[in-house]
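Please read the structure below before turning to the comments.
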Number of protein chains: 2
Amino acid sequence: MPATLEQAPTLFVEASGVRFAYRRLGPDSGIPLVLLQHFTGTMDAWDPAMVNALAADRPVIAFDNAGVGASSGETPDSVERQAADAEAFIAALGLKQIDLLGFSLGGFLAQVMAARDTVDVRRLVLAGTAPRGGEEHLLQVVEEAFGRGARDVRLPLFFTSSAASQAAGAAFVDRAAVRQIDRDPDRGEAVSTPQAQAIIRWCAPKEIDRAALDAIRQPALIVHGSDDTMFPSINAYEMFKSMNNATLIMYPDSGHGALFQYAETFVAHVRTFLDA
Amino acid sequence: MPATLEQAPTLFVEASGVRFAYRRLGPDSGIPLVLLQHFTGTMDAWDPAMVNALAADRPVIAFDNAGVGASSGETPDSVERQAADAEAFIAALGLKQIDLLGFSLGGFLAQVMAARDTVDVRRLVLAGTAPRGGEEHLLQVVEEAFGRGARDVRLPLFFTSSAASQAAGAAFVDRAAVRQIDRDPDRGEAVSTPQAQAIIRWCAPKEIDRAALDAIRQPALIVHGSDDTMFPSINAYEMFKSMNNATLIMYPDSGHGALFQYAETFVAHVRTFLDA
């Protein structure tokens with residue numbers, strides 16, 4: 001039986017003075033797909049439906065970046081230094097070439113890593129993410145969502161208010177809660193404060209940084225919800241237009257967590273993209 | 001051996017006083033995918049790479065609408081009446097439920113047919129097409145392309161000026177020229193004049209007709225090039241935003257003929273959509 005995200009043991013590797021926690025799924029051979037997680041998310045915050053299906057035909061690696069979850073170290077307050085930590089982790093695993101799947105904040109890291117190519121990034125998937133600059137109302141959206149008293153803040157933040165989207169959101173939250181052993185600890189403000197600073201700095205420039213997007217030469221797949229309240233859908237379109245080799249996919253009636261709302265379709269699209 | 005677009009015999013069916021020419025590929029059972037063709041295009045103008053791959057797991061029906069190619073009758077000068085002809089053809093074949101794939105002008109027909117549901121449209125694929133209204137510079141683009149003296153006007157009209165897109169365009173033009181027997185006749189201005197009038201009327205309203213898009217309740221897949229000079233890419237995004245249940249896919253470095261430039265990927269995306 002292949003390991004699942006709910007069952008895979010947490011492994012550790014040392015790099016740059018950090019003991020990185022990770023889980024590895026899927027076959028031994030093939031180009032590994034490394035997952036880069038969202039604001040405050042740990043390995044447990046990925047959707048098992050998505051991760052397990054992706055691991056059916058390629059190695060998939062989830063990990064906690066420095067300072068996050070079960071990893072030691074401190075979380076830096078810039079996207080560049082978080083990306084450097086991720087690169088150190090990937091190098092420590094001895095991976096020669098990788099694909100990246102970055103969600104939200106993880107998509108910022110993926111953009112930086114693909115552009116500077118310190119590790120050999122073959123292709124990248126940018127889900128629910130944003131270009132550097134051009135975004136102003138994120139904090140307001142987050143504050144409003146936390147004020148709503150939902151059973152899980154991801155329900156108002158990642159899904160639309162429609163019954164269908166909320167039902168898909170509840171199913172996602174339930175799937176991500178199945179794992180019982182070895183769940184990652186929540187490191188609280190030691191993670192949320194520096195990560196929030198990194199996100200705010202990334203979004204701060206008034207204009208979208210098109211030169212940064214142009215510096216990415218790898219094929220990219222941008223996946224976005226129709227109504228992402230955190231990172232506006234139109235900015236994902238602009239990101240697509242400014243990149244050299246990007247494919248854009250947007251799903252109906254969906255928000256920031258479109259990739260989990262349509263996990264099965266998303267996996268099919270990622271597979272078509274990575275195998276092209 | 002299954003029939004291919006290059007080999008399938010041309011069949012005929014009578015409806016509304018028109019003798020419709022069509023070709024049918026793929027298995028006998030399953031929901032048929034009916035193809036709705038672009039301005040002046042006949043059955044021979046479809047890309048065999050796309051059609052044959054689509055027919056691997058579903059019935060696919062290409063046809064000449066009234067007055068076009070090998071069909072008898074006259075080409076009406078409105079999208080609505082062209083759509084009525086297509087509906088008469090589909091009813092004459094006795095098809096209970098269909099999927100539609102409309103390219104360019106064919107996508108206009110698909111929108112009208114899906115909204116009024118005279119025939120039972122289950123799902124629709126809208127490739128390189130446009131919402132009603134909001135488009136002004138089409139005639140200028142077409143005139144410029146015809147003035148360039150390309151070996152085939154589809155090279156400047158359907159593909160970008162990049163070497164990669166032009167090479168993909170040349171390969172498409174070659175693929176569509178393979179069939180030798182029974183090629184559809186070109187009916188010249190008897191088709192181009194009324195079809196052009198229909199297109200001009202469709203595009204004429206200053207604003208995008210969002211109510212018409214909202215009237216479409218079926219799941220839709222919108223596929224567009226990054227740089228479509230005939231029907232602007234941003235309008236495809238707006239169409240996506242105004243529909244109830246649309247998925248948007250856009251390909252890099254591509255124009256109006258993005259579906260042919262990326263035939264293999266397009267087929268994978270259509271299959272994922274129709275099988276969802």
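Letters A, B, ... go to the chains of the structure tokens in the order shown; residues in each chain start at 1; ligands are counted from 1 in the same order.
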- Could you please write out, as a VMD selection string, every residue of stretch 15-259 of chain B that DSSP assigns to strand (DSSP E or B)? chain B and resid 15 18 to 25 33 to 36 60 to 63 97 to 103 120 to 127 220 to 225 246 to 251
If you take only C-alpha atoms and a cut-off of 9 Å, which residues of chain B touch chain A, and what are their nearest atom pairs and distances in Å to one decimal, in chain and number order, as CSV?
residue,atom,partner,partner_atom,distance
B:Ser226,CA,A:Lys241,CA,6.9
B:Asp227,CA,A:Lys241,CA,8.7
B:Ile234,CA,A:Tyr237,CA,8.6
B:Tyr237,CA,A:Tyr237,CA,8.1
B:Phe240,CA,A:Pro252,CA,8.1
B:Lys241,CA,A:Ser226,CA,6.9
B:Met243,CA,A:Pro252,CA,8.5
B:Asn244,CA,A:Pro252,CA,7.3
B:Asn245,CA,A:Pro252,CA,5.4
B:Ala246,CA,A:Pro252,CA,5.4
B:Thr247,CA,A:Tyr251,CA,4.8
B:Leu248,CA,A:Met250,CA,5.0
B:Ile249,CA,A:Ile249,CA,4.5
B:Met250,CA,A:Leu248,CA,5.0
B:Tyr251,CA,A:Thr247,CA,4.8
B:Pro252,CA,A:Asn245,CA,5.4
B:Asp253,CA,A:Asn245,CA,7.1
B:Glu264,CA,A:Ala276,CA,8.8
B:Thr265,CA,A:Thr272,CA,7.1
B:Ala268,CA,A:Thr272,CA,6.9
B:His269,CA,A:His269,CA,7.3
B:Thr272,CA,A:Ala268,CA,6.9
B:Phe273,CA,A:Thr265,CA,8.1
B:Ala276,CA,A:Thr265,CA,7.4
- Query: Of the candidates A:Val153, A:Val142, A:Ala198, A:Leu213, which one gets nearest to A:Ala83 if we count only C-alpha atoms?
  - Reply: A:Ala198
Quick one: everything within 10 Å of stretch 47-59 of chain B, counting only C-alpha atoms, minus sequence neighbours fewer than 2 positions away in the same chain. Send it as a JSON list (two decimals) with N, CA and C atoms, in the first residue's frame.
[["chain", "number", "residue", "atom", "x", "y", "z"],
["B", 2, "PRO", "N", -10.80, 2.72, -36.35],
["B", 2, "PRO", "CA", -11.82, 3.77, -36.29],
["B", 2, "PRO", "C", -11.61, 4.78, -37.42],
["B", 3, "ALA", "N", -12.70, 5.39, -37.84],
["B", 3, "ALA", "CA", -12.60, 6.41, -38.89],
["B", 3, "ALA", "C", -11.85, 7.62, -38.36],
["B", 4, "THR", "N", -11.16, 8.31, -39.24],
["B", 4, "THR", "CA", -10.48, 9.56, -38.89],
["B", 4, "THR", "C", -11.14, 10.69, -39.66],
["B", 5, "LEU", "N", -10.86, 11.91, -39.25],
["B", 5, "LEU", "CA", -11.41, 13.06, -39.97],
["B", 5, "LEU", "C", -10.93, 13.06, -41.43],
["B", 6, "GLU", "N", -9.73, 12.55, -41.65],
["B", 6, "GLU", "CA", -9.17, 12.53, -43.01],
["B", 6, "GLU", "C", -9.83, 11.46, -43.88],
["B", 24, "ARG", "N", -19.10, 11.60, -38.98],
["B", 24, "ARG", "CA", -19.25, 11.11, -37.62],
["B", 24, "ARG", "C", -18.08, 10.19, -37.28],
["B", 25, "LEU", "N", -17.42, 10.49, -36.18],
["B", 25, "LEU", "CA", -16.27, 9.71, -35.74],
["B", 25, "LEU", "C", -16.53, 9.15, -34.34],
["B", 26, "GLY", "N", -15.67, 8.20, -33.94],
["B", 26, "GLY", "CA", -15.69, 7.73, -32.56],
["B", 26, "GLY", "C", -16.69, 6.62, -32.33],
["B", 27, "PRO", "N", -16.86, 6.25, -31.06],
["B", 27, "PRO", "CA", -17.74, 5.13, -30.71],
["B", 27, "PRO", "C", -19.20, 5.45, -31.00],
["B", 28, "ASP", "N", -20.04, 4.38, -31.06],
["B", 28, "ASP", "CA", -21.46, 4.56, -31.34],
["B", 28, "ASP", "C", -22.20, 5.13, -30.13],
["B", 29, "SER", "N", -21.74, 4.77, -28.93],
["B", 29, "SER", "CA", -22.48, 5.21, -27.74],
["B", 29, "SER", "C", -21.72, 6.31, -27.02],
["B", 30, "GLY", "N", -22.43, 6.99, -26.15],
["B", 30, "GLY", "CA", -21.86, 8.13, -25.44],
["B", 30, "GLY", "C", -22.52, 9.41, -25.92],
["B", 31, "ILE", "N", -22.34, 10.47, -25.16],
["B", 31, "ILE", "CA", -22.94, 11.76, -25.54],
["B", 31, "ILE", "C", -22.12, 12.36, -26.67],
["B", 32, "PRO", "N", -22.76, 12.61, -27.82],
["B", 32, "PRO", "CA", -21.98, 13.13, -28.96],
["B", 32, "PRO", "C", -21.52, 14.56, -28.71],
["B", 33, "LEU", "N", -20.32, 14.84, -29.16],
["B", 33, "LEU", "CA", -19.77, 16.19, -29.15],
["B", 33, "LEU", "C", -19.94, 16.76, -30.55],
["B", 34, "VAL", "N", -20.76, 17.80, -30.67],
["B", 34, "VAL", "CA", -21.03, 18.42, -31.98],
["B", 34, "VAL", "C", -20.13, 19.65, -32.12],
["B", 35, "LEU", "N", -19.43, 19.73, -33.24],
["B", 35, "LEU", "CA", -18.47, 20.82, -33.48],
["B", 35, "LEU", "C", -19.12, 21.94, -34.29],
["B", 43, "MET", "N", -16.03, 21.41, -42.75],
["B", 43, "MET", "CA", -15.55, 20.27, -41.97],
["B", 43, "MET", "C", -14.06, 20.06, -42.13],
["B", 44, "ASP", "N", -13.55, 20.38, -43.31],
["B", 44, "ASP", "CA", -12.11, 20.17, -43.58],
["B", 44, "ASP", "C", -11.22, 21.14, -42.83],
["B", 45, "ALA", "N", -11.79, 22.19, -42.26],
["B", 45, "ALA", "CA", -10.97, 23.19, -41.58],
["B", 45, "ALA", "C", -10.69, 22.82, -40.12],
["B", 61, "ILE", "N", -19.11, 14.76, -33.97],
["B", 61, "ILE", "CA", -19.82, 15.04, -35.22],
["B", 61, "ILE", "C", -19.40, 16.41, -35.75],
["B", 62, "ALA", "N", -18.78, 16.40, -36.94],
["B", 62, "ALA", "CA", -18.49, 17.64, -37.65],
["B", 62, "ALA", "C", -19.54, 17.78, -38.74],
["B", 98, "ILE", "N", -26.59, 16.49, -26.26],
["B", 98, "ILE", "CA", -25.28, 16.68, -26.90],
["B", 98, "ILE", "C", -24.39, 17.57, -26.04],
["B", 171, "ALA", "N", 2.11, 23.50, -39.04],
["B", 171, "ALA", "CA", 1.81, 22.07, -38.83],
["B", 171, "ALA", "C", 0.30, 21.83, -38.87],
["B", 172, "PHE", "N", -0.46, 22.75, -38.29],
["B", 172, "PHE", "CA", -1.92, 22.64, -38.32],
["B", 172, "PHE", "C", -2.44, 22.74, -39.75],
["B", 173, "VAL", "N", -1.97, 23.72, -40.50],
["B", 173, "VAL", "CA", -2.41, 23.90, -41.88],
["B", 173, "VAL", "C", -2.11, 22.64, -42.70],
["B", 174, "ASP", "N", -0.94, 22.06, -42.45],
["B", 174, "ASP", "CA", -0.57, 20.83, -43.16],
["B", 174, "ASP", "C", -1.49, 19.67, -42.78],
["B", 175, "ARG", "N", -1.77, 19.56, -41.49],
["B", 175, "ARG", "CA", -2.65, 18.46, -41.03],
["B", 175, "ARG", "C", -4.04, 18.57, -41.66],
["B", 176, "ALA", "N", -4.53, 19.80, -41.76],
["B", 176, "ALA", "CA", -5.89, 20.00, -42.28],
["B", 176, "ALA", "C", -5.95, 19.82, -43.80],
["B", 177, "ALA", "N", -4.79, 19.70, -44.44],
["B", 177, "ALA", "CA", -4.74, 19.53, -45.90],
["B", 177, "ALA", "C", -4.57, 18.08, -46.32],
["B", 178, "VAL", "N", -4.47, 17.18, -45.35],
["B", 178, "VAL", "CA", -4.16, 15.78, -45.67],
["B", 178, "VAL", "C", -5.30, 15.11, -46.45],
["B", 179, "ARG", "N", -6.53, 15.35, -46.05],
["B", 179, "ARG", "CA", -7.66, 14.68, -46.72],
["B", 179, "ARG", "C", -7.69, 15.04, -48.20],
["B", 259, "LEU", "N", -6.44, 26.48, -29.73],
["B", 259, "LEU", "CA", -6.88, 25.07, -29.60],
["B", 259, "LEU", "C", -6.14, 24.16, -30.56],
["B", 260, "PHE", "N", -5.70, 24.70, -31.71],
["B", 260, "PHE", "CA", -4.94, 23.89, -32.67],
["B", 260, "PHE", "C", -3.44, 23.93, -32.34],
["B", 261, "GLN", "N", -2.98, 25.08, -31.85],
["B", 261, "GLN", "CA", -1.56, 25.20, -31.49],
["B", 261, "GLN", "C", -1.20, 24.19, -30.40],
["B", 262, "TYR", "N", -2.14, 24.02, -29.45],
["B", 262, "TYR", "CA", -1.92, 23.10, -28.32],
["B", 262, "TYR", "C", -2.93, 21.97, -28.38],
["B", 263, "ALA", "N", -3.05, 21.34, -29.56],
["B", 263, "ALA", "CA", -4.13, 20.36, -29.77],
["B", 263, "ALA", "C", -4.14, 19.28, -28.70],
["B", 264, "GLU", "N", -2.97, 18.75, -28.36],
["B", 264, "GLU", "CA", -2.92, 17.63, -27.42],
["B", 264, "GLU", "C", -3.37, 18.07, -26.03],
["B", 265, "THR", "N", -2.85, 19.21, -25.58],
["B", 265, "THR", "CA", -3.24, 19.73, -24.26],
["B", 265, "THR", "C", -4.72, 20.11, -24.25],
["B", 266, "PHE", "N", -5.16, 20.73, -25.34],
["B", 266, "PHE", "CA", -6.57, 21.12, -25.44],
["B", 266, "PHE", "C", -7.48, 19.91, -25.32],
["B", 267, "VAL", "N", -7.13, 18.83, -26.01],
["B", 267, "VAL", "CA", -7.94, 17.61, -25.93],
["B", 267, "VAL", "C", -7.97, 17.08, -24.50],
["B", 268, "ALA", "N", -6.82, 17.10, -23.84],
["B", 268, "ALA", "CA", -6.78, 16.63, -22.43],
["B", 268, "ALA", "C", -7.70, 17.50, -21.57],
["B", 270, "VAL", "N", -10.34, 19.29, -22.58],
["B", 270, "VAL", "CA", -11.74, 19.05, -22.95],
["B", 270, "VAL", "C", -12.22, 17.75, -22.32],
["B", 271, "ARG", "N", -11.37, 16.74, -22.36],
["B", 271, "ARG", "CA", -11.74, 15.44, -21.80],
["B", 271, "ARG", "C", -11.97, 15.56, -20.29],
["B", 274, "LEU", "N", -15.34, 17.39, -19.94],
["B", 274, "LEU", "CA", -16.56, 16.65, -20.32],
["B", 274, "LEU", "C", -16.80, 15.43, -19.44]]
- Task: Calculate how many Å separate atom CA of B:Asp182 from atom CA of B:Val79, rounding to one decimal.
- Result: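 Atom CA of B:Asp182 sits 27.6 Å away from atom CA of B:Val79.
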Using only C-alpha atoms, what table do you get, as JSON lines, when you list each residue of stretch 125-198 of chain A with an atom no more than 8 Å from stretch 102-106 of chain A, its nearest pair of atoms, and their distance in Å rounded to one decimal, rows by chain then rising number?
{"residue": "A:Val125", "atom": "CA", "partner": "A:Gly102", "partner_atom": "CA", "distance": 6.2}
{"residue": "A:Leu126", "atom": "CA", "partner": "A:Gly102", "partner_atom": "CA", "distance": 5.3}
{"residue": "A:Ala127", "atom": "CA", "partner": "A:Phe103", "partner_atom": "CA", "distance": 4.7}
{"residue": "A:Gly128", "atom": "CA", "partner": "A:Ser104", "partner_atom": "CA", "distance": 5.1}
{"residue": "A:Thr129", "atom": "CA", "partner": "A:Ser104", "partner_atom": "CA", "distance": 4.1}
{"residue": "A:Ala130", "atom": "CA", "partner": "A:Ser104", "partner_atom": "CA", "distance": 7.2}
- Query: Quick one, how far is atom CA of B:Thr160 from atom CA of A:Leu124?
  - Reply: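 According to the coordinates, atom CA of B:Thr160 and atom CA of A:Leu124 are separated by 24.0 Å.
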- Item | Spatial neighbours of stretch 14-20 of chain A, 9 Å, only C-alpha atoms, chain gap at least 5 places, as an NGL selection string | :A and (63-67 or 70-74 or 85 or 88-89 or 91-92)
- Point-to-point distance from atom CA of B:Gln97 to atom CA of B:Asp117, Å rounded to tenths: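 Pair atom CA of B:Gln97 / atom CA of B:Asp117 returns 10.2 Å.
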